[in-house]
Structures are given as structure tokens and as C-alpha cells.
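See below for coords23.tsv, which holds TSV, C-alpha atoms.
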chain	number	residue	atom	x	y	z
K	1	MET	CA	0.00	0.00	0.00
K	2	ILE	CA	2.74	2.43	0.99
K	3	GLU	CA	4.81	1.35	-1.94
K	4	LYS	CA	1.91	2.02	-4.28
K	5	LEU	CA	1.37	5.43	-2.69
K	6	LEU	CA	5.01	6.37	-3.08
K	7	LEU	CA	5.02	5.22	-6.66
K	8	LEU	CA	1.95	7.31	-7.33
K	9	ILE	CA	3.49	10.39	-5.72
K	10	ARG	CA	6.65	9.94	-7.74
K	11	ARG	CA	4.72	9.49	-10.94
K	12	VAL	CA	2.58	12.56	-10.30
K	13	PHE	CA	5.22	14.97	-9.06
K	14	PHE	CA	8.37	13.89	-10.76
K	15	CYS	CA	7.27	12.08	-13.87
K	16	HIS	CA	10.63	10.57	-14.46
K	17	ARG	CA	11.32	6.96	-15.07
K	18	SER	CA	13.31	4.99	-12.67
K	19	ASP	CA	14.36	1.42	-12.84
K	20	ASP	CA	14.27	1.28	-9.06
K	21	GLU	CA	10.66	0.43	-8.29
K	22	THR	CA	11.30	-0.50	-4.65
K	23	VAL	CA	9.97	1.45	-1.67
K	24	SER	CA	13.41	2.79	-0.77
K	25	GLY	CA	14.01	3.77	-4.36
K	26	ALA	CA	10.72	5.62	-4.53
K	27	ALA	CA	11.41	7.34	-1.22
K	28	ARG	CA	14.86	8.33	-2.38
K	29	ASN	CA	13.44	9.73	-5.58
K	30	PHE	CA	10.80	11.62	-3.64
K	31	PHE	CA	13.04	13.20	-1.02
K	32	LEU	CA	16.15	13.48	-3.16
K	33	PRO	CA	14.87	14.08	-6.68
K	34	ARG	CA	17.24	14.17	-9.54
K	35	PRO	CA	18.30	17.72	-10.35
K	36	THR	CA	16.98	17.72	-13.87
K	37	ARG	CA	15.82	20.73	-15.84
K	38	GLY	CA	12.23	19.69	-15.31
K	39	PHE	CA	12.72	19.54	-11.57
K	40	PHE	CA	14.17	23.07	-11.43
K	41	LEU	CA	11.39	24.36	-13.64
K	42	ARG	CA	8.78	22.85	-11.35
K	43	LEU	CA	10.58	24.18	-8.27
K	44	THR	CA	10.72	27.65	-9.80
K	45	GLY	CA	7.03	27.46	-10.57
K	46	VAL	CA	6.19	26.47	-7.00
K	47	VAL	CA	8.31	29.29	-5.60
K	48	VAL	CA	6.80	31.90	-7.94
K	49	VAL	CA	3.25	30.77	-7.22
K	50	SER	CA	3.93	30.76	-3.47
K	51	VAL	CA	5.37	34.26	-3.57
K	52	VAL	CA	2.44	35.53	-5.60
K	53	VAL	CA	-0.21	33.81	-3.51
K	54	PHE	CA	1.21	34.30	0.01
K	55	GLY	CA	3.16	37.45	-0.61
K	56	VAL	CA	0.71	39.42	-2.70
K	57	LEU	CA	-2.78	37.94	-2.56
K	58	LEU	CA	-3.16	36.07	0.73
K	59	ARG	CA	-0.75	37.36	3.33
K	60	PRO	CA	-0.65	35.22	6.47
K	61	CYS	CA	-1.15	37.18	9.69
K	62	VAL	CA	-0.86	36.32	13.35
K	63	ILE	CA	-3.29	38.27	15.49
K	64	ASP	CA	-1.52	39.86	18.42
K	65	GLY	CA	-3.84	41.99	20.47
K	66	ALA	CA	-7.36	41.80	21.79
K	67	SER	CA	-8.99	44.76	20.09
K	68	MET	CA	-11.16	42.57	17.86
K	69	VAL	CA	-12.19	39.99	20.46
K	70	PRO	CA	-14.48	38.04	20.19
K	71	THR	CA	-14.72	38.37	16.40
K	72	TYR	CA	-11.02	37.60	15.97
K	73	PRO	CA	-9.46	36.04	19.07
K	74	GLU	CA	-6.05	37.07	20.33
K	75	HIS	CA	-3.16	34.86	19.16
K	76	GLY	CA	-5.32	33.69	16.30
K	77	PHE	CA	-4.25	33.25	12.71
K	78	THR	CA	-5.80	34.51	9.52
K	79	PHE	CA	-4.99	35.51	5.97
K	80	CYS	CA	-5.24	39.03	4.68
K	81	LEU	CA	-7.12	39.10	1.39
K	82	ARG	CA	-5.11	41.78	-0.35
K	83	PHE	CA	-7.36	41.93	-3.41
K	84	LYS	CA	-10.59	42.63	-1.49
K	85	TYR	CA	-10.52	46.38	-2.00
K	86	TRP	CA	-8.73	46.65	-5.30
K	87	PHE	CA	-11.90	47.59	-7.14
K	88	SER	CA	-14.22	48.98	-4.47
K	89	PRO	CA	-13.74	50.82	-1.18
K	90	PRO	CA	-14.59	49.30	2.20
K	91	LYS	CA	-18.15	49.66	3.45
K	92	VAL	CA	-19.56	50.23	6.91
K	93	GLY	CA	-19.40	46.97	8.84
K	94	ASP	CA	-16.39	45.57	6.98
K	95	VAL	CA	-13.43	44.36	9.00
K	96	VAL	CA	-10.27	45.71	7.39
K	97	VAL	CA	-6.53	45.28	7.70
K	98	ILE	CA	-4.65	48.55	8.12
K	99	ARG	CA	-0.97	48.80	7.49
K	100	TYR	CA	0.93	50.32	10.40
K	101	THR	CA	4.52	49.29	9.71
K	102	ASN	CA	6.08	46.75	7.37
K	103	ARG	CA	5.29	43.92	9.75
K	104	VAL	CA	2.52	45.30	11.94
K	105	TYR	CA	-1.07	45.69	10.82
K	106	TYR	CA	-4.21	46.78	12.59
K	107	LEU	CA	-7.41	44.78	12.40
K	108	LYS	CA	-10.43	47.06	12.84
K	109	ARG	CA	-14.03	47.43	11.76
K	110	VAL	CA	-15.31	50.28	9.58
K	111	VAL	CA	-18.07	52.15	11.38
K	112	ALA	CA	-18.32	55.32	9.27
K	113	VAL	CA	-17.22	56.65	5.90
K	114	ALA	CA	-16.15	60.05	4.61
K	115	GLY	CA	-18.57	62.82	5.49
K	116	ASP	CA	-20.15	61.02	8.46
K	117	VAL	CA	-20.06	62.52	11.93
K	118	VAL	CA	-18.95	60.03	14.56
K	119	GLU	CA	-19.27	60.25	18.33
K	120	PHE	CA	-19.48	58.06	21.40
K	121	ARG	CA	-21.99	58.72	24.16
K	122	ARG	CA	-21.84	56.49	27.24
K	123	GLY	CA	-20.22	53.77	25.16
K	124	VAL	CA	-22.79	53.88	22.36
K	125	LEU	CA	-21.60	54.72	18.87
K	126	TYR	CA	-23.52	57.49	17.10
K	127	VAL	CA	-23.11	58.14	13.41
K	128	ASN	CA	-24.76	61.32	12.09
K	129	GLY	CA	-26.64	61.63	15.35
K	130	LYS	CA	-28.17	58.13	15.21
K	131	PRO	CA	-27.22	55.33	17.63
K	132	GLN	CA	-25.77	52.34	15.82
K	133	TYR	CA	-26.78	48.72	16.31
K	134	GLU	CA	-23.54	46.80	16.88
K	135	PRO	CA	-24.23	43.12	17.57
K	136	TYR	CA	-20.53	42.29	17.24
K	137	VAL	CA	-19.62	44.31	20.34
K	138	ARG	CA	-19.68	41.90	23.26
K	139	TYR	CA	-18.29	44.04	26.06
K	140	VAL	CA	-19.97	47.33	26.90
K	141	SER	CA	-17.96	50.46	27.48
K	142	ASP	CA	-18.42	53.95	28.85
K	143	TRP	CA	-16.57	55.80	26.14
K	144	GLU	CA	-17.26	59.47	25.62
K	145	LEU	CA	-15.96	61.06	22.43
K	146	PRO	CA	-17.17	64.39	21.04
K	147	PRO	CA	-18.48	64.46	17.47
K	148	ARG	CA	-15.92	64.55	14.66
K	149	LYS	CA	-16.37	64.47	10.94
K	150	VAL	CA	-14.64	61.84	8.84
K	151	GLU	CA	-12.47	63.57	6.24
K	152	PRO	CA	-12.65	62.81	2.52
K	153	GLY	CA	-10.53	59.83	1.54
K	154	HIS	CA	-10.82	58.37	5.03
K	155	VAL	CA	-12.97	55.92	6.94
K	156	TYR	CA	-13.53	55.62	10.68
K	157	VAL	CA	-12.52	52.32	12.25
K	158	VAL	CA	-13.00	50.91	15.73
K	159	GLY	CA	-12.21	47.53	17.28
K	160	ASP	CA	-14.99	45.23	18.48
K	161	ASN	CA	-13.53	44.88	21.96
K	162	ARG	CA	-14.39	48.03	23.86
K	163	SER	CA	-13.74	46.75	27.35
K	164	MET	CA	-10.54	48.80	27.75
K	165	PRO	CA	-10.39	52.56	28.44
K	166	LEU	CA	-10.80	54.77	25.40
K	167	GLU	CA	-7.21	56.03	25.62
K	168	GLU	CA	-5.84	52.49	25.36
K	169	HIS	CA	-7.85	51.48	22.32
K	170	GLN	CA	-6.34	52.37	18.96
K	171	PHE	CA	-9.12	53.59	16.73
K	172	GLY	CA	-10.06	56.57	14.61
K	173	GLN	CA	-10.10	57.76	11.05
K	174	VAL	CA	-7.63	56.27	8.67
K	175	SER	CA	-6.69	57.05	5.10
K	176	LEU	CA	-8.10	54.62	2.52
K	177	GLY	CA	-4.57	54.21	1.22
K	178	LYS	CA	-3.56	52.52	4.45
K	179	ILE	CA	-6.20	49.82	4.13
K	180	ILE	CA	-4.50	46.90	2.44
K	181	GLY	CA	-7.19	44.26	2.57
K	182	ALA	CA	-9.61	42.28	4.68
K	183	PRO	CA	-9.13	39.26	6.93
K	184	TRP	CA	-10.27	35.87	5.72
X	1	MET	CA	20.77	31.42	-42.23
X	2	VAL	CA	17.45	31.50	-40.43
X	3	ARG	CA	19.15	30.73	-37.15
X	4	ARG	CA	21.61	33.62	-37.59
X	5	PHE	CA	18.76	35.95	-38.46
X	6	ARG	CA	16.87	34.82	-35.33
X	7	ARG	CA	19.95	35.49	-33.19
X	8	TRP	CA	20.27	38.95	-34.69
X	9	LEU	CA	16.62	39.60	-34.03
X	10	VAL	CA	16.85	38.48	-30.39
X	11	GLY	CA	19.98	40.57	-29.94
X	12	LEU	CA	18.26	43.58	-31.48
X	13	VAL	CA	15.24	43.20	-29.24
X	14	LEU	CA	17.47	42.95	-26.14
X	15	VAL	CA	19.39	46.05	-27.19
X	16	ALA	CA	16.14	47.90	-27.82
X	17	ILE	CA	14.86	46.90	-24.37
X	18	ALA	CA	18.13	48.00	-22.76
X	19	VAL	CA	18.15	51.33	-24.59
X	20	GLY	CA	14.47	51.88	-23.83
X	21	GLY	CA	15.00	51.07	-20.17
X	22	ALA	CA	18.02	53.35	-19.93
X	23	GLY	CA	16.14	56.14	-21.68
X	24	TRP	CA	13.12	55.76	-19.45
X	25	TYR	CA	15.37	55.78	-16.37
X	26	TRP	CA	17.21	58.89	-17.59
X	27	PHE	CA	13.97	60.78	-18.26
X	28	TYR	CA	12.51	59.58	-14.98
X	29	ARG	CA	15.48	60.98	-13.05
X	30	GLN	CA	14.74	64.40	-14.55
X	31	SER	CA	11.09	64.24	-13.50
X	32	ASP	CA	9.50	66.00	-10.56
X	33	GLU	CA	8.52	62.68	-8.97
X	34	ALA	CA	12.13	61.55	-8.87
X	35	ALA	CA	13.25	64.91	-7.49
X	36	ILE	CA	10.69	64.71	-4.70
X	37	HIS	CA	11.73	61.13	-3.93
X	38	ARG	CA	15.33	62.30	-3.64
X	39	LEU	CA	14.26	65.12	-1.33
X	40	LEU	CA	12.51	62.67	0.99
X	41	GLU	CA	15.47	60.30	0.87
X	42	GLN	CA	17.75	63.16	1.82
X	43	LEU	CA	15.44	64.12	4.70
X	44	ALA	CA	15.34	60.54	5.98
X	45	TYR	CA	19.10	60.19	5.60
X	46	SER	CA	19.78	63.46	7.42
X	47	ALA	CA	17.52	62.55	10.32
X	48	SER	CA	19.09	59.07	10.65
X	49	ARG	CA	22.12	58.54	12.80
X	50	ALA	CA	24.39	55.53	13.06
X	51	GLU	CA	25.79	54.70	16.49
X	52	LYS	CA	29.39	55.33	15.49
X	53	GLU	CA	28.74	58.05	13.01
X	54	LYS	CA	31.55	60.49	12.41
X	55	THR	CA	31.07	64.03	13.65
X	56	SER	CA	31.83	65.41	10.21
X	57	THR	CA	29.08	63.25	8.69
X	58	GLY	CA	26.62	64.47	11.29
X	59	LEU	CA	27.54	68.09	10.66
X	60	TRP	CA	27.16	67.65	6.93
X	61	LYS	CA	23.74	66.05	7.42
X	62	VAL	CA	22.50	68.90	9.56
X	63	HIS	CA	23.89	71.51	7.20
X	64	SER	CA	22.44	69.88	4.08
X	65	VAL	CA	18.94	69.62	5.50
X	66	GLY	CA	18.54	73.40	5.56
X	67	GLU	CA	18.55	73.51	1.76
X	68	LEU	CA	15.47	71.31	1.64
X	69	PHE	CA	13.15	73.84	3.32
X	70	LEU	CA	11.70	77.15	2.20
X	71	PRO	CA	12.72	80.32	4.13
X	72	GLU	CA	9.53	79.92	6.16
X	73	THR	CA	8.25	76.39	6.74
X	74	GLU	CA	5.19	75.56	8.78
X	75	LEU	CA	5.32	72.50	11.00
X	76	GLU	CA	2.10	71.18	12.48
X	77	PHE	CA	2.25	68.53	15.19
X	78	ARG	CA	-0.44	67.14	17.43
X	79	THR	CA	1.26	68.71	20.42
X	80	GLU	CA	1.26	72.50	20.29
X	81	MET	CA	4.81	72.58	21.59
X	82	PHE	CA	6.50	71.98	18.26
X	83	SER	CA	3.93	73.50	15.93
X	84	GLY	CA	4.77	76.79	14.29
X	85	LYS	CA	6.73	78.48	11.55
X	86	TYR	CA	10.43	77.80	11.32
X	87	SER	CA	13.33	79.09	9.29
X	88	PRO	CA	15.88	76.66	7.84
X	89	GLU	CA	18.33	77.70	10.56
X	90	GLU	CA	15.83	76.86	13.28
X	91	ILE	CA	15.09	73.51	11.64
X	92	LYS	CA	18.80	72.73	11.49
X	93	SER	CA	19.17	73.68	15.12
X	94	ASN	CA	16.23	71.44	16.16
X	95	LEU	CA	17.58	68.58	14.08
X	96	GLN	CA	20.97	68.92	15.75
X	97	ARG	CA	19.27	68.83	19.17
X	98	PHE	CA	17.32	65.72	18.17
X	99	ARG	CA	20.46	63.98	16.93
X	100	GLN	CA	22.21	64.75	20.19
X	101	VAL	CA	19.39	63.08	22.15
X	102	MET	CA	19.54	59.92	20.06
X	103	ARG	CA	22.33	57.37	20.27
X	104	GLU	CA	21.16	55.87	17.02
X	105	SER	CA	18.15	56.42	14.82
X	106	THR	CA	16.76	55.22	11.54
X	107	VAL	CA	14.13	57.21	9.72
X	108	ARG	CA	12.20	55.51	6.94
X	109	TYR	CA	9.33	56.51	4.76
X	110	ARG	CA	6.95	54.50	2.60
X	111	ASP	CA	3.44	54.36	1.15
X	112	LEU	CA	4.00	57.54	-0.78
X	113	GLU	CA	1.03	59.26	-2.43
X	114	LEU	CA	2.24	62.13	-4.55
X	115	THR	CA	-0.01	64.74	-6.13
X	116	LEU	CA	1.54	67.29	-8.43
X	117	THR	CA	-0.19	70.63	-8.91
X	118	PRO	CA	1.49	72.30	-11.87
X	119	PRO	CA	3.47	74.35	-12.24
X	120	ASP	CA	5.26	74.43	-8.91
X	121	GLN	CA	3.33	72.77	-6.10
X	122	ALA	CA	3.03	69.24	-4.84
X	123	THR	CA	1.57	67.35	-1.92
X	124	VAL	CA	3.04	64.17	-0.57
X	125	VAL	CA	1.31	61.93	1.96
X	126	PHE	CA	3.47	59.19	3.39
X	127	THR	CA	4.11	57.08	6.44
X	128	GLY	CA	7.21	57.96	8.38
X	129	GLN	CA	8.82	55.64	10.89
X	130	LEU	CA	11.45	56.50	13.48
X	131	ILE	CA	13.29	53.58	15.09
X	132	GLY	CA	16.14	54.12	17.45
X	133	ARG	CA	17.55	54.40	20.91
X	134	THR	CA	18.07	57.48	23.04
X	135	ARG	CA	21.28	58.16	24.90
X	136	ASP	CA	19.70	56.92	28.13
X	137	GLY	CA	18.87	53.58	26.51
X	138	ARG	CA	15.18	54.07	25.81
X	139	ARG	CA	13.92	52.42	22.66
X	140	VAL	CA	11.92	54.54	20.25
X	141	ASP	CA	9.60	53.16	17.57
X	142	GLU	CA	7.14	55.72	16.30
X	143	VAL	CA	5.03	55.65	13.18
X	144	ARG	CA	3.19	58.69	11.91
X	145	ASN	CA	1.30	59.86	8.88
X	146	LEU	CA	2.94	62.92	7.32
X	147	VAL	CA	1.36	65.34	4.89
X	148	CYS	CA	4.03	67.39	3.20
X	149	SER	CA	3.37	70.42	0.99
X	150	LEU	CA	6.18	71.23	-1.41
X	151	ARG	CA	6.90	74.19	-3.63
X	152	LYS	CA	9.40	74.58	-6.42
X	153	SER	CA	11.81	77.40	-5.75
X	154	GLU	CA	14.65	78.27	-8.16
X	155	GLY	CA	14.20	74.97	-9.94
X	156	LYS	CA	14.39	72.87	-6.75
X	157	TRP	CA	11.61	71.32	-4.72
X	158	LYS	CA	11.50	72.49	-1.12
X	159	VAL	CA	9.26	71.75	1.82
X	160	ALA	CA	6.70	74.44	2.62
X	161	ARG	CA	4.64	72.67	5.26
X	162	ILE	CA	4.67	69.40	7.19
X	163	SER	CA	1.69	68.13	9.10
X	164	VAL	CA	2.26	65.14	11.38
X	165	ARG	CA	-0.66	62.95	12.31
X	166	ASP	CA	-1.31	59.54	13.80
X	167	ILE	CA	-2.15	56.61	11.54
X	168	LEU	CA	-5.46	56.32	13.42
X	169	GLU	CA	-6.75	59.72	14.45
X	170	LYS	CA	-9.40	59.67	17.16
Structure re-expressed in C-alpha cells:
Amino acid sequence: MIEKLLLLIRRVFFCHRSDDETVSGAARNFFLPRPTRGFFLRLTGVVVVSVVVFGVLLRPCVIDGASMVPTYPEHGFTFCLRFKYWFSPPKVGDVVVIRYTNRVYYLKRVVAVAGDVVEFRRGVLYVNGKPQYEPYVRYVSDWELPPRKVEPGHVYVVGDNRSMPLEEHQFGQVSLGKIIGAPW
Amino acid sequence: MVRRFRRWLVGLVLVAIAVGGAGWYWFYRQSDEAAIHRLLEQLAYSASRAEKEKTSTGLWKVHSVGELFLPETELEFRTEMFSGKYSPEEIKSNLQRFRQVMRESTVRYRDLELTLTPPDQATVVFTGQLIGRTRDGRRVDEVRNLVCSLRKSEGKWKVARISVRDILEK
């Protein structure tokens, strides 16, 4: 059974003939393939596809921080879909990935877009004077924030976890150019 | 015969690509975008400091930064303390004070969004990052959004205004 599996793997991935049809021969061919032109071409293809997929389109991210609990737990793992906002801007309610430094990104939720007036009264979010229904917020807060208008080319983002004091929570308006995608 | 012709053709195409690339690069270097990039690189370089940097290098950096600013440059920070209008001499003096506080510092910029307003104005929005250590050992790692207004003066781009903001502004 194992021998058949190894032979199948070799046939599928390496497609080269070998007179050595034994298990050890198949294993050797699998783990130590012959450095043929075909092998290097396939290896190059795998590397290029991996760089494109995981470097450009689906960037892996480790979540470090509790600002989006319980929607995204701390120490969790996700992929950033880089292509999500290539053709359309984020909408209210979207969770977005914001670039902070080369290796650090924020994960926040869009609560208002350009032109909206945002404020917090006793922990309740008001947009344009109307209280917002936020079922994703699990922990109530007592935040007080005077009204401020979201500038053109910006959106207003807040984390889902509002159990910490307002000063400790990183939120606010951010330029659309800093939004690099959405979590999986 | 055909093979030789094909080789000539491939060679010609490669030469054309090389000449085209060199031409594009030469024209790009003359462009306003490239000039503004060089200005920002010079600013970042002048504000950076290696731990064992020579005094002469530091002096040159401080001196050269004055040429990058207009005679009156407005700086706007979140804290009122540093906001105001500064002359190049005052900017050089503040930069020298900053460099004396830091044992080492690296200033980087990225995510540039450049808008040119012909004939002689431009606005650059970018993310600036300061990483370093002060003389008393404290680590510094600050990231800010910077909005920089530039004006062309005597054929050179110079900074007219810098506004420093947080990435997320409450």
C-alpha cells in the first residue's frame, strides 16, 4: 500500500522513469529528486506561485492583540485578502486590515465613511446623530468622544472589543490608502 | 541562415529593451517625482544617525537639510509645543538637538502618495517611521502619517509645510 502510494506520488510529481521500483528507491526519488531541468522548472514554478499567492494575494497574519475579540481572538491566525478592495472601497461593517509598519497591521471594523459625523456617548456609537446597532460588540464600554467628521478619503474604524479605556484602544479615522485588505 | 537571423533579431530586441530602459530611467530621473523622492530620501538620511557616526558626517547632514526647506516652513504637530513656523536655521538647530538626544536612529518613509499641482506645487502623503535608541537607553519606535506640501523654488523642490498625524486619528 505504501509502496503504491510512493510510486503514485513519484509518478505525479516527478514524472521521471526509474528502474528502481522499490519502496526505498521511490522514497529516495521523492526526497532526493534528480536535479533535472524539469525539476528546477517545477521548483521555480512552486516558488513563484507561493510568492504571488502568500506574498501578494493572501498574506498570512498572526493576530496579536485583543482589540477585535471576540470576532477575531487574540493569538489567532488569519490571511489578509489583499485583493478585497482593489476595485471597491470598504463599506460600513467591513473588518479591514490597516498597514501600520512593514510587519505590523491593525485589524479594525469600519463604522463610518467620509462625510459622516462620529461620536461616542456612554459607550454607544452614534453616526450622524443616530445610535448604531452593533451586535458584534460583546463588552460594553463607557466611552465618551465628542463628534468629529470623517475627512474625505478616510474611513472611521474601531475595534470590536471596547472593554478597555478609550485612551488604550487604537481607533479613529484612517486614510483609505492605508487599508491593504480584509481578513479571511 | 534563419538561425543567424533569429539570433540577430533576439539581440536587437534585447538592445532595444536595454536602450528603452536606460532612456526611461534617464527621463525619470529628470522628472519632478524623482526629485521629490530624492528630497525625501535626503530628509530621511539626514535625520538618521548611526551609532558610530563620524562628527563630520553628522555636521554635513545637519547643514544639508537646511537647503530642503523654504525660508519659512510651517510645521504642524499634534502637540502645540512643536507647531509653528520655522526658518531653515531653526530647523537645522532642532535637528541637531534631536540627533544629540539619540544614540542611534533610523528614519524611513513608505506608502508615498504624490499629487503634483502644476506648475510648482506638490503634496506628498506618506508614512514615516522612526526607530532608534536614546542616549539613556530608551527604545523609540514611532510611526506617523505625514502630509508634506512642497513648492518649487529656483528649480528645486522644497518643503513648505509638514503636518504630522497619527495613523489612526481619534
Distance table requested - chain X against chain K, cut-off 12 Å, all atoms listed in the file: one row per qualifying residue with the closest atom pair and its distance in Å to one decimal, ordered by chain and rising residue number, as CSV.
residue,atom,partner,partner_atom,distance
X:Arg108,CA,K:Thr101,CA,10.3
X:Tyr109,CA,K:Thr101,CA,10.0
X:Arg110,CA,K:Asn102,CA,9.1
X:Asp111,CA,K:Lys178,CA,8.0
X:Leu112,CA,K:Gly177,CA,9.4
X:Glu113,CA,K:Gly177,CA,8.4
X:Leu114,CA,K:Gly177,CA,11.9
X:Val125,CA,K:Gly177,CA,9.7
X:Phe126,CA,K:Gly177,CA,9.7
X:Thr127,CA,K:Tyr100,CA,8.5
X:Gly128,CA,K:Thr101,CA,9.2
X:Gln129,CA,K:Thr101,CA,7.8
X:Leu130,CA,K:Thr101,CA,10.7
X:Ile131,CA,K:Thr101,CA,11.1
X:Asp141,CA,K:Thr101,CA,10.1
X:Glu142,CA,K:Thr101,CA,9.6
X:Val143,CA,K:Thr101,CA,7.3
X:Arg144,CA,K:Tyr100,CA,8.8
X:Asn145,CA,K:Ser175,CA,9.3
X:Leu146,CA,K:Ser175,CA,11.5
X:Val147,CA,K:Ser175,CA,11.6
X:Arg165,CA,K:Val174,CA,10.3
X:Asp166,CA,K:Val174,CA,8.8
X:Ile167,CA,K:Val174,CA,6.2
X:Leu168,CA,K:Gly172,CA,4.8
X:Glu169,CA,K:Gly172,CA,4.6
X:Lys170,CA,K:Gly172,CA,4.1
Which residues are near Leu7 of chain K? Cut-off 10 Å, all atoms listed in the file, ignore same chain within fewer than 5 positions. Put them as a PyMOL selection string. chain K and resi 1-2+12+21-23+25-27+29-30
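Take atom CA of Pro119 of chain X and atom CA of Val62 of chain X: the distance between them is 29.4 Å.
Closest approach to Leu75 of chain X among X:Glu154, X:Glu53, X:Glu33, X:Glu90: X:Glu90, based on all atoms listed in the file.
From atom CA of Leu58 of chain K back to atom CA of Lys108 of chain K, the distance works out to 17.9 Å.
Across the structure, atom CA of Glu51 of chain X and atom CA of Ala35 of chain X are spaced 28.9 Å apart.
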What lies within 12 Å of Ser83 of chain X using only C-alpha atoms, ignoring chain neighbours under 3 positions off, as a PyMOL selection string? chain X and resi 73-80+86+91+161-164
Return as AutoDock Vina command-line options the box centre and box size in Å, one decimal, for an axis-aligned box around all listed atoms of segment 60-71 of chain X padded by 8 Å per side.
--center_x 19.4 --center_y 73.2 --center_z 5.6 --size_x 31.5 --size_y 30.3 --size_z 23.9
Once you count all atoms listed in the file, which residues end up no further than 12 Å from (20.1, 73.9, 13.4) in the file's frame, shown as a ChimeraX atom specification? /X:58-67,86-100
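Closest to Ala66 of chain K among K:Leu107, K:Trp143, K:Arg28, K:Gly38 is K:Leu107, based on all atoms listed in the file.
A distance cut-off of 12 Å around (11.8, 76.6, -5.6), counting all atoms listed in the file, selects these protein and nucleic acid residues: Asp32, Ala35, Ile36, Glu67, Leu68, Phe69, Leu70, Pro71, Pro119, Asp120, Gln121, Ala122, Leu150, Arg151, Lys152, Ser153, Glu154, Gly155, Lys156, Trp157, Lys158, Val159 and Ala160 of chain X.
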Using only C-alpha atoms, which residues sit within 9 Å of Arg109 of chain K once same-chain residues fewer than 2 positions away are excluded, as a VMD selection string? chain K and resid 68 92 to 97 107 111 156 to 160
Applying 9 Å and all atoms listed in the file, which residues near Phe83 of chain K remain after dropping the ones on its own chain fewer than 6 positions away? List them as number ranges by chain. K: 56-58, 180-182
